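S.K.: Please read through the structure below; I'll follow up with questions.
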Number of protein chains: 2
Amino acid sequence: MESDVSANSRLTIAAHALTWIGLYQRRGHEVATSEQIATSVNTNPVVIRRLLGELRKAGLADSRRGVGAGWMLGRDLAAITLLDVYQAIEPGPVFALHRATPNPECVVGHGIGPAMSAVYDDVEAALRRELAKTTLEDVLRDVLQAA
Amino acid sequence: MESDVSANSRLTIAAHALTWIGLYQRRGHEVATSEQIATSVNTNPVVIRRLLGELRKAGLADSRRGVGAGWMLGRDLAAITLLDVYQAIEPGPVFALHRATPNPECVVGHGIGPAMSAVYDDVEAALRRELAKTTLEDVLRDVLQAA
DNA sequence: CCTTGATGTAATCATTGTTGTTACATTTAC
DNA sequence: GTAAATGTAACAACAATGATTACATCAAGG
């Protein structure tokens with residue numbers, strides 16, 4: 001209940017994977033394997049493949065099969081914002097309304113849903129605005145500067 | 001994987017409970033019972049008591065025991081923002097870094113943490129700014145207008 | 001001082017999401 | 001064909017949320 005180890009690391013992993021591919025390609029390689037990426041992320045290659053599969057659906061990544069198989073960027077790092085990545089992998093809202101519909105005969109129970117929905121929409125919009133400010137090119141720049 | 005029934009309804013329930021108490025008190029009652037609130041929210045009274053217990057720690061609610069027991073507001077609805085409620089019940093971050101520390105020998109693995117942390121801090125700040133804009137008085141007004 | 005009605009809180013369970021893992025069919029350059 | 005990787009299904013481990021039961025505790029009022 002304290003340290004809160006929950007929360008999603010999906011966005012972190014996805015950004016990590018794409019940034020890694022971008023740097024690897026920039027160094028002259030055609031494709032990166034899920035094995036290589038998983039080694040940098042420190043997780044299982046299947047986790048990477050699953051995530052990159054979702055990113056591919058959004059056009060952010062692409063893959064080749066057969067011999068010489070691997071992953072490449074769907075478009076340049078500078079053309080991918082964290083919002084793009086977020087939307088590709090996190091369709092769900094941050095906040096939810098009631099699990100069971102509240103009592104509609106109560107004034108509060110009846111009106112609280114729409115009231116909170118309006119707020120949540122604004123919150124999600126602010127969150128997206130903020131994520132849209134950073135591209136993976138920015139992330140790579142920060143990463144290289146830290147080294 | 002589609003409808004995403006997850007996400008937290010804790011903020012929704014907490015706002016609902018406090019708003020209900022506020023309206024009930026405004027109508028001349030001293031205290032509200034977790035039973036009454038649970039009926040409006042459509043959940044179990046214990047869920048309400050647990051949540052109000054956390055809100056009490058933050059000074060947003062208060063309770064009386066014994067005969068005539070129940071809950072009351074810690075301060076006026078107009079003096080409680082959704083950020084206050086959020087902070088009272090949601091200490092954890094929206095996004096998390098890697099579960100296992102990434103490979104420190106890899107440039108990306110080494111630098112990605114701080115880079116993403118900076119972004120996440122900005123996102124949380126934006127989220128808080130947005131939640132701070134709405135008071136429970138605003139919520140109650142919207143609720144009553146919807147009726 | 002005892003009854004009553006509510007809080008305070010522990011314990012348990014069901015459900016769900018995330019992550020890690022194994023296994024294996026599929027693909028394609030050589 | 002062979003080799004090396006993707007594409008996926010299946011399953012286990014773990015944590016968070018929420019629902020529920022149970023019961024000790026408290027305090028006003030008779």
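Following the order of the structure tokens, chains are lettered A, B, ..., residues in each are numbered from 1, and ligands are numbered from 1.
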With a distance threshold of 8 Å and counting only C-alpha atoms (C1' of nucleotides), extract the residues of chain A near chain C and express them as a PyMOL selection string.

M.R.: chain A and resi 8+43-44+47+65-68

S.K.: From a backbone DSSP assignment, name each residue in chain A labelled helix (DSSP H, G or I), as a VMD selection string.

M.R.: chain A and resid 10 to 26 34 to 41 45 to 57 77 to 79 82 to 89 107 to 132 136 to 146

S.K.: Find the residues of chain A in contact range of chain D, meaning any atom within 9 Å when counting only C-alpha atoms (C1' of nucleotides), and list them as a PDB file with C-alpha atoms, in the first residue's frame.

M.R.:
```pdb
ATOM      1  CA  VAL A   5       4.758  -0.875  -7.424  1.00  0.00           C
ATOM      2  CA  SER A   6       1.710  -1.043  -9.643  1.00  0.00           C
ATOM      3  CA  THR A  33      15.702  -8.308 -32.881  1.00  0.00           C
ATOM      4  CA  SER A  34      13.352  -8.609 -29.940  1.00  0.00           C
ATOM      5  CA  ARG A  49       7.272  -8.615 -29.460  1.00  0.00           C
ATOM      6  CA  ARG A  50       3.804  -8.193 -27.973  1.00  0.00           C
ATOM      7  CA  GLY A  53       3.054  -5.731 -32.331  1.00  0.00           C
ATOM      8  CA  SER A  63       8.848  -6.020 -38.737  1.00  0.00           C
ATOM      9  CA  ARG A  64      10.363  -8.474 -41.152  1.00  0.00           C
ATOM     10  CA  ARG A  65      10.142 -12.243 -40.864  1.00  0.00           C
ATOM     11  CA  GLY A  66      12.262 -15.146 -42.019  1.00  0.00           C
ATOM     12  CA  VAL A  67      16.041 -15.013 -42.080  1.00  0.00           C
ATOM     13  CA  GLY A  68      17.346 -11.542 -41.266  1.00  0.00           C
ATOM     14  CA  ALA A  69      14.110 -10.875 -39.439  1.00  0.00           C
ATOM     15  CA  GLY A  70      13.687  -8.118 -36.901  1.00  0.00           C
ATOM     16  CA  ARG A  99     -18.273  -0.062 -11.414  1.00  0.00           C
TER      17      ARG A  99
END
```

S.K.: Which residues are near Ala79 in chain B? Cut-off 9 Å, only C-alpha atoms (C1' of nucleotides), ignore same chain within fewer than 4 positions. Put them as a list in words.

M.R.: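 Those residues are Arg75, Thr135, Leu136 and Glu137 of chain B.
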
S.K.: For chain B, list the residues within 8 Å of chain A, counting only C-alpha atoms, and write the list as a PyMOL selection string.

M.R.: chain B and resi 3-9+11-13+16+19-20+39-43+91-103+106-112+115-116+119+122-124+126-127+130-131+134+139-140+142-144+146-147

S.K.: Run DSSP on the backbone and grab whatever in range 12-125 of chain A lands in strand (DSSP E); send it over as a PyMOL selection string.

M.R.: chain A and resi 61-64+70-73

S.K.: What is the distance between CA of Glu30 in chain B and CA of Val85 in chain B, in Å to one decimal?

M.R.: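 Distance reported for this atom pair: 21.7 Å.
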